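Structure record follows, encoded as structure tokens.
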Amino acid sequence: MMHEASDLSFDELVDAACEELDLELNRPPPPPPPPTRREKLARWCRRILQDRLKPPIQRTARLATTVLNAELPVDVDAVSGASTKLYELTLDRGASFDAAQDQLRAGRANARPGDNDPNANRRSFRGAGFYISNHTNTRTKRPYIMMAVRKANAAQTFLITRPNTGANATELFAHDIISKYTCHAGGLPSASDEEREQLRKAWTLEYESSHNQDNGGRLKRLGLVAGNVLPLWPALAQTVAERAVEMTKEDQRLRAVRVVLPSETIVGVRFPTHVLNTLRAALAQRSRQRAAHARQHVRAEPPTPVDAAKLRAATTPPKTIQ
């Protein structure tokens, strides 16, 4: 706003200038421009990479129950005394209906406005809840069932839990759920007691019928080499080379996993059970080689006496001007 000198006095001009300055200082900053398509794509790629590059040892925390079947010592280091053991474990990956409900209640903290619309029907419901696939399992002749909750800080991404495999590492986008799944009537906010009971029975049926080691079953057996593993790594690589045809690409990567038992936590390298005989033989051969090498080249020397002058110099505070 401009003022002519003939209209206002000096004091009035100063007051007008101060008023305009106050308006300028108190004016809210302009809103940031909307992100471009390139920025949206870059943000999405960073989020995907962060999820995929998580250490594999963290991704195994999803395993529910673990039973220790056997524990076999395979090597003891001649110098340090560190031991290496081969464990045989049975993992139960399943999630009961009560466990799924607990995860659902925790996941609703990331709900968006309208997720729990009491007037929603099976087709229009879009929030965290229980869903039924539009396709039927060819083996059981029943539709697949799952529980989905929104991922924190990713509104269009859902975390999946199934009765036979528990919490899955694979995630689904919202449009995949809309096109491939329908909300179970028992999972709606307006569900009746009868519909909720039907949901519990459907989930429990899938949970109990998958208590096996078949493809898609809850139970999974594996071997775990834990302890002082690095000196025996050639034996692990030899096993993979000999049985690579019978192992999946995932098993050939020699990933480290963490298994939580009631009394301890084990961290080691996993192997499928069908190659454990070859692995045992390779570990035993490598252990014999290390023992023979230790007998010939490793000797324990007596400790050297401590030099009193050097000990005094190392423990005496330095002299200062003060």
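Residues in the structure tokens are numbered from 1 in each chain, the chains being A, B, ... in the order shown, and ligands are numbered from 1 in the order shown.
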Write out as a PyMOL selection string each polymer residue whose atoms come within 12 Å of region 295-299 of chain A, counting only C-alpha atoms; drop sequence neighbours fewer than 6 positions from it. chain A and resi 77-80+288-289
Restricting to only C-alpha atoms, whichever of A:Trp44, A:Phe158, A:Tyr144, A:Tyr87 is closest to Leu224 (chain A) is A:Tyr87
With only C-alpha atoms as the basis for distance, which of A:Ala284, A:Ile178, A:Leu91, A:Leu72 is at the shortest distance from Val260 (chain A)?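 For Val260 (chain A), the nearest of the given residues is A:Leu91.
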Check region 81-288 of chain A with DSSP on the backbone and list each residue it calls helix (DSSP H, G or I), as an MDAnalysis selection string. chainID A and resid 97:110 174:180 185:187 193:209 230:246 249:252 273:288
Non-local contacts of region 249-255 of chain A (7 Å; only C-alpha atoms; under 4 positions in same chain excluded) as an mmCIF file with N, CA and C atoms, in the first residue's frame:
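As a result, selection11.cif now contains:
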```
data_model
loop_
_atom_site.group_PDB
_atom_site.id
_atom_site.type_symbol
_atom_site.label_atom_id
_atom_site.label_comp_id
_atom_site.auth_asym_id
_atom_site.auth_seq_id
_atom_site.Cartn_x
_atom_site.Cartn_y
_atom_site.Cartn_z
ATOM 1 N N PRO A 56 18.640 -59.871 7.749
ATOM 2 C CA PRO A 56 17.774 -61.051 7.801
ATOM 3 C C PRO A 56 17.577 -61.575 9.206
ATOM 4 N N VAL A 240 26.796 -76.820 0.762
ATOM 5 C CA VAL A 240 25.982 -76.126 -0.240
ATOM 6 C C VAL A 240 26.411 -76.534 -1.644
ATOM 7 N N ALA A 244 23.541 -78.402 -3.743
ATOM 8 C CA ALA A 244 22.899 -77.189 -4.263
ATOM 9 C C ALA A 244 21.648 -77.508 -5.072
ATOM 10 N N VAL A 269 23.512 -70.232 11.623
ATOM 11 C CA VAL A 269 23.285 -70.340 10.181
ATOM 12 C C VAL A 269 22.348 -71.518 9.943
ATOM 13 N N ARG A 270 21.274 -71.278 9.213
ATOM 14 C CA ARG A 270 20.242 -72.295 9.040
ATOM 15 C C ARG A 270 20.532 -73.195 7.844
ATOM 16 N N PHE A 271 20.042 -74.441 7.934
ATOM 17 C CA PHE A 271 20.125 -75.421 6.856
ATOM 18 C C PHE A 271 18.829 -76.210 6.831
#
```
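Note that the spacing between CA of Val229 (chain A) and CA of His293 (chain A) amounts to 17.5 Å.
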Pick from A:Ala309, A:Ala291, A:Ile145, A:Ala174 nearest to Thr161 (chain A), counting only C-alpha atoms: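 Ranked by minimum distance to Thr161 (chain A), first place goes to A:Ile145.
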Any chance you could list, as a ChimeraX atom specification, the residues in region 145-244 of chain A that come up strand (DSSP E) when DSSP is run on the backbone? /A:145-151,154-162,166-173,181-183,219-227
Go ahead and save the residues from that selection, with C-alpha atoms, as a PDB file, in the first residue's frame.
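What follows is the written file again24.pdb:
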```pdb
ATOM      1  CA  ILE A 145      -8.370 -66.087   5.235  1.00  0.00           C
ATOM      2  CA  MET A 146      -6.039 -63.425   6.605  1.00  0.00           C
ATOM      3  CA  MET A 147      -5.830 -60.475   8.981  1.00  0.00           C
ATOM      4  CA  ALA A 148      -4.491 -57.144   7.678  1.00  0.00           C
ATOM      5  CA  VAL A 149      -3.451 -53.968   9.517  1.00  0.00           C
ATOM      6  CA  ARG A 150      -2.049 -50.753   8.115  1.00  0.00           C
ATOM      7  CA  LYS A 151       1.706 -50.324   8.284  1.00  0.00           C
ATOM      8  CA  ALA A 154       2.668 -46.157   5.057  1.00  0.00           C
ATOM      9  CA  ALA A 155      -1.073 -45.680   4.789  1.00  0.00           C
ATOM     10  CA  GLN A 156      -1.500 -47.687   1.568  1.00  0.00           C
ATOM     11  CA  THR A 157       0.511 -50.703   2.755  1.00  0.00           C
ATOM     12  CA  PHE A 158      -0.859 -53.524   4.917  1.00  0.00           C
ATOM     13  CA  LEU A 159       0.916 -56.090   7.114  1.00  0.00           C
ATOM     14  CA  ILE A 160      -0.515 -59.588   6.720  1.00  0.00           C
ATOM     15  CA  THR A 161      -1.073 -62.392   9.242  1.00  0.00           C
ATOM     16  CA  ARG A 162      -2.374 -65.832   8.255  1.00  0.00           C
ATOM     17  CA  GLY A 166       1.661 -66.187  11.113  1.00  0.00           C
ATOM     18  CA  ALA A 167       2.937 -62.675  10.407  1.00  0.00           C
ATOM     19  CA  ASN A 168       4.228 -62.588   6.836  1.00  0.00           C
ATOM     20  CA  ALA A 169       7.287 -60.710   5.614  1.00  0.00           C
ATOM     21  CA  THR A 170       5.368 -60.005   2.395  1.00  0.00           C
ATOM     22  CA  GLU A 171       3.177 -56.897   2.445  1.00  0.00           C
ATOM     23  CA  LEU A 172       0.093 -56.033   0.385  1.00  0.00           C
ATOM     24  CA  PHE A 173      -0.962 -52.713  -1.066  1.00  0.00           C
ATOM     25  CA  TYR A 181     -10.167 -59.927  -0.940  1.00  0.00           C
ATOM     26  CA  THR A 182     -13.490 -59.234   0.764  1.00  0.00           C
ATOM     27  CA  CYS A 183     -13.911 -58.315   4.405  1.00  0.00           C
ATOM     28  CA  LEU A 219       5.424 -76.654  11.139  1.00  0.00           C
ATOM     29  CA  LYS A 220       8.866 -76.274   9.635  1.00  0.00           C
ATOM     30  CA  ARG A 221      11.987 -78.232  10.580  1.00  0.00           C
ATOM     31  CA  LEU A 222      15.487 -76.879  10.111  1.00  0.00           C
ATOM     32  CA  GLY A 223      19.075 -77.261  11.239  1.00  0.00           C
ATOM     33  CA  LEU A 224      21.064 -74.482  12.855  1.00  0.00           C
ATOM     34  CA  VAL A 225      24.855 -74.275  13.117  1.00  0.00           C
ATOM     35  CA  ALA A 226      25.611 -71.983  16.063  1.00  0.00           C
ATOM     36  CA  GLY A 227      28.542 -70.975  18.209  1.00  0.00           C
TER      37      GLY A 227
END
```
